[in-house]
file input19.pdb (PDB, C-alpha atoms)
ATOM      1  CA  MET A 674     -83.339 354.167 205.523
ATOM      2  CA  THR A 675     -80.663 355.632 207.784
ATOM      3  CA  LEU A 676     -80.874 357.924 210.791
ATOM      4  CA  TYR A 677     -77.986 360.354 211.226
ATOM      5  CA  VAL A 678     -77.717 361.891 214.700
ATOM      6  CA  ARG A 679     -75.842 365.168 214.654
ATOM      7  CA  PHE A 680     -72.509 364.976 216.459
ATOM      8  CA  GLY A 681     -73.405 367.322 219.343
ATOM      9  CA  TRP A 682     -76.506 365.236 220.160
ATOM     10  CA  VAL A 683     -75.023 361.728 220.071
ATOM     11  CA  SER A 684     -74.733 361.495 223.858
ATOM     12  CA  LYS A 685     -78.314 362.668 224.344
ATOM     13  CA  PHE A 686     -79.546 360.164 221.748
ATOM     14  CA  ASN A 687     -77.550 357.323 223.347
ATOM     15  CA  ASP A 688     -79.168 358.107 226.708
ATOM     16  CA  LEU A 689     -82.624 357.975 225.077
ATOM     17  CA  TYR A 690     -81.749 354.762 223.226
ATOM     18  CA  ASN A 691     -80.485 353.046 226.392
ATOM     19  CA  ARG A 692     -83.647 353.766 228.386
ATOM     20  CA  ASP A 693     -86.383 353.533 225.740
ATOM     21  CA  GLU A 694     -87.281 350.073 224.423
ATOM     22  CA  LYS A 695     -89.448 351.563 221.685
ATOM     23  CA  VAL A 696     -86.478 353.465 220.232
ATOM     24  CA  GLN A 697     -84.342 350.321 220.574
ATOM     25  CA  SER A 698     -86.888 348.423 218.488
ATOM     26  CA  MET A 699     -86.872 351.141 215.806
ATOM     27  CA  VAL A 700     -83.153 351.502 215.064
ATOM     28  CA  ALA A 701     -79.915 349.503 215.070
ATOM     29  CA  ASN A 702     -76.483 351.040 215.662
ATOM     30  CA  LYS A 703     -74.056 351.238 212.762
ATOM     31  CA  THR A 704     -71.663 353.893 214.123
ATOM     32  CA  GLY A 705     -71.915 356.632 216.738
ATOM     33  CA  ILE A 706     -73.851 358.970 214.464
ATOM     34  CA  LYS A 707     -75.271 356.545 211.883
ATOM     35  CA  TRP A 708     -78.199 354.258 212.759
ATOM     36  CA  ALA A 709     -80.128 351.831 210.538
ATOM     37  CA  ILE A 710     -83.882 352.339 210.717
ATOM     38  CA  ASN A 711     -85.475 348.900 210.909
ATOM     39  CA  LYS A 712     -87.938 347.821 208.219
ATOM     40  CA  GLY A 713     -91.569 348.602 208.944
ATOM     41  CA  VAL A 714     -90.801 351.436 211.356
ATOM     42  CA  ASP A 715     -93.148 354.420 211.343
ATOM     43  CA  THR A 716     -90.572 357.111 210.556
ATOM     44  CA  ASP A 717     -93.060 359.863 211.441
ATOM     45  CA  GLU A 718     -93.314 358.441 214.952
ATOM     46  CA  LEU A 719     -89.525 358.177 215.239
ATOM     47  CA  GLU A 720     -89.287 361.784 214.066
ATOM     48  CA  ARG A 721     -91.788 362.874 216.751
ATOM     49  CA  ILE A 722     -89.831 361.055 219.480
ATOM     50  CA  LEU A 723     -86.533 362.648 218.445
ATOM     51  CA  ASN A 724     -88.078 366.108 218.134
ATOM     52  CA  ALA A 725     -89.743 365.751 221.553
ATOM     53  CA  HIS A 726     -86.282 365.133 223.032
ATOM     54  CA  ASN A 727     -84.698 367.974 221.016
ATOM     55  CA  ILE A 728     -82.278 365.651 219.223
ATOM     56  CA  LYS A 729     -80.925 367.086 215.972
ATOM     57  CA  HIS A 730     -80.988 364.490 213.221
ATOM     58  CA  ASP A 731     -81.499 363.684 209.544
ATOM     59  CA  MET A 732     -83.178 360.697 207.904
ATOM     60  CA  LYS A 733     -82.145 359.584 204.448
TER      61      LYS A 733
END

call {"tool": "encode", "arguments": {"input": "input19.pdb", "output": "structure tokens"}}
result
Amino acid sequence: MTLYVRFGWVSKFNDLYNRDEKVQSMVANKTGIKWAINKGVDTDELERILNAHNIKHDMK
């Protein structure tokens, strides 16, 4: 599964990623807006984290 961070929120997501070990353990960077969701990750929890930080995104 892939996480797509909307362009206007990439900086905000990068800040969250750099300071939150839990998020770091959930995704791996592919490009600036495209992130691989690691196997076994609770995508509902990842969704809650991103929504709590008002980061626009899609998961496919």

call {"tool": "residues_around", "arguments": {"input": "input19.pdb", "residues": "His726 (chain A)", "least_positions_apart": "6", "cutoff": "10 Å", "atoms": "only C-alpha atoms", "output": "PyMOL selection string"}}
result
chain A and resi 685-686+689

call {"tool": "axis_aligned_box", "arguments": {"input": "input19.pdb", "around": "region 688-694 of chain A", "padding_each_side": "3 Å", "output": "lines of an AutoDock Vina configuration file"}}
result
center_x = -83.2
center_y = 354.1
center_z = 225.8
size_x = 14.1
size_y = 14.0
size_z = 11.2

call {"tool": "residues_around", "arguments": {"input": "input19.pdb", "residues": "Met699 (chain A)", "least_positions_apart": "4", "cutoff": "7 Å", "atoms": "only C-alpha atoms", "output": "mmCIF file with C-alpha atoms, in the frame of the given file"}}
result
data_model
loop_
_atom_site.group_PDB
_atom_site.id
_atom_site.type_symbol
_atom_site.label_atom_id
_atom_site.label_comp_id
_atom_site.auth_asym_id
_atom_site.auth_seq_id
_atom_site.Cartn_x
_atom_site.Cartn_y
_atom_site.Cartn_z
ATOM 1 C CA LYS A 695 -89.448 351.563 221.685
ATOM 2 C CA ILE A 710 -83.882 352.339 210.717
ATOM 3 C CA ASN A 711 -85.475 348.900 210.909
ATOM 4 C CA VAL A 714 -90.801 351.436 211.356
#

call {"tool": "atom_distance", "arguments": {"input": "input19.pdb", "atom1": "CA of Lys733 (chain A)", "atom2": "CA of Thr675 (chain A)"}}
result
5.4 Å

call {"tool": "residues_around", "arguments": {"input": "input19.pdb", "residues": "region 690-692 of chain A", "least_positions_apart": "5", "cutoff": "12 Å", "atoms": "only C-alpha atoms", "output": "NGL selection string"}}
result
:A and (678 or 683-685 or 697-702 or 705 or 708 or 719 or 722-723 or 726 or 728)

call {"tool": "residues_near_point", "arguments": {"input": "input19.pdb", "point": "(-82.7, 361.5, 207.5)", "cutoff": "8 Å", "atoms": "all atoms listed in the file", "output": "PyMOL selection string"}}
result
chain A and resi 674-677+730-733
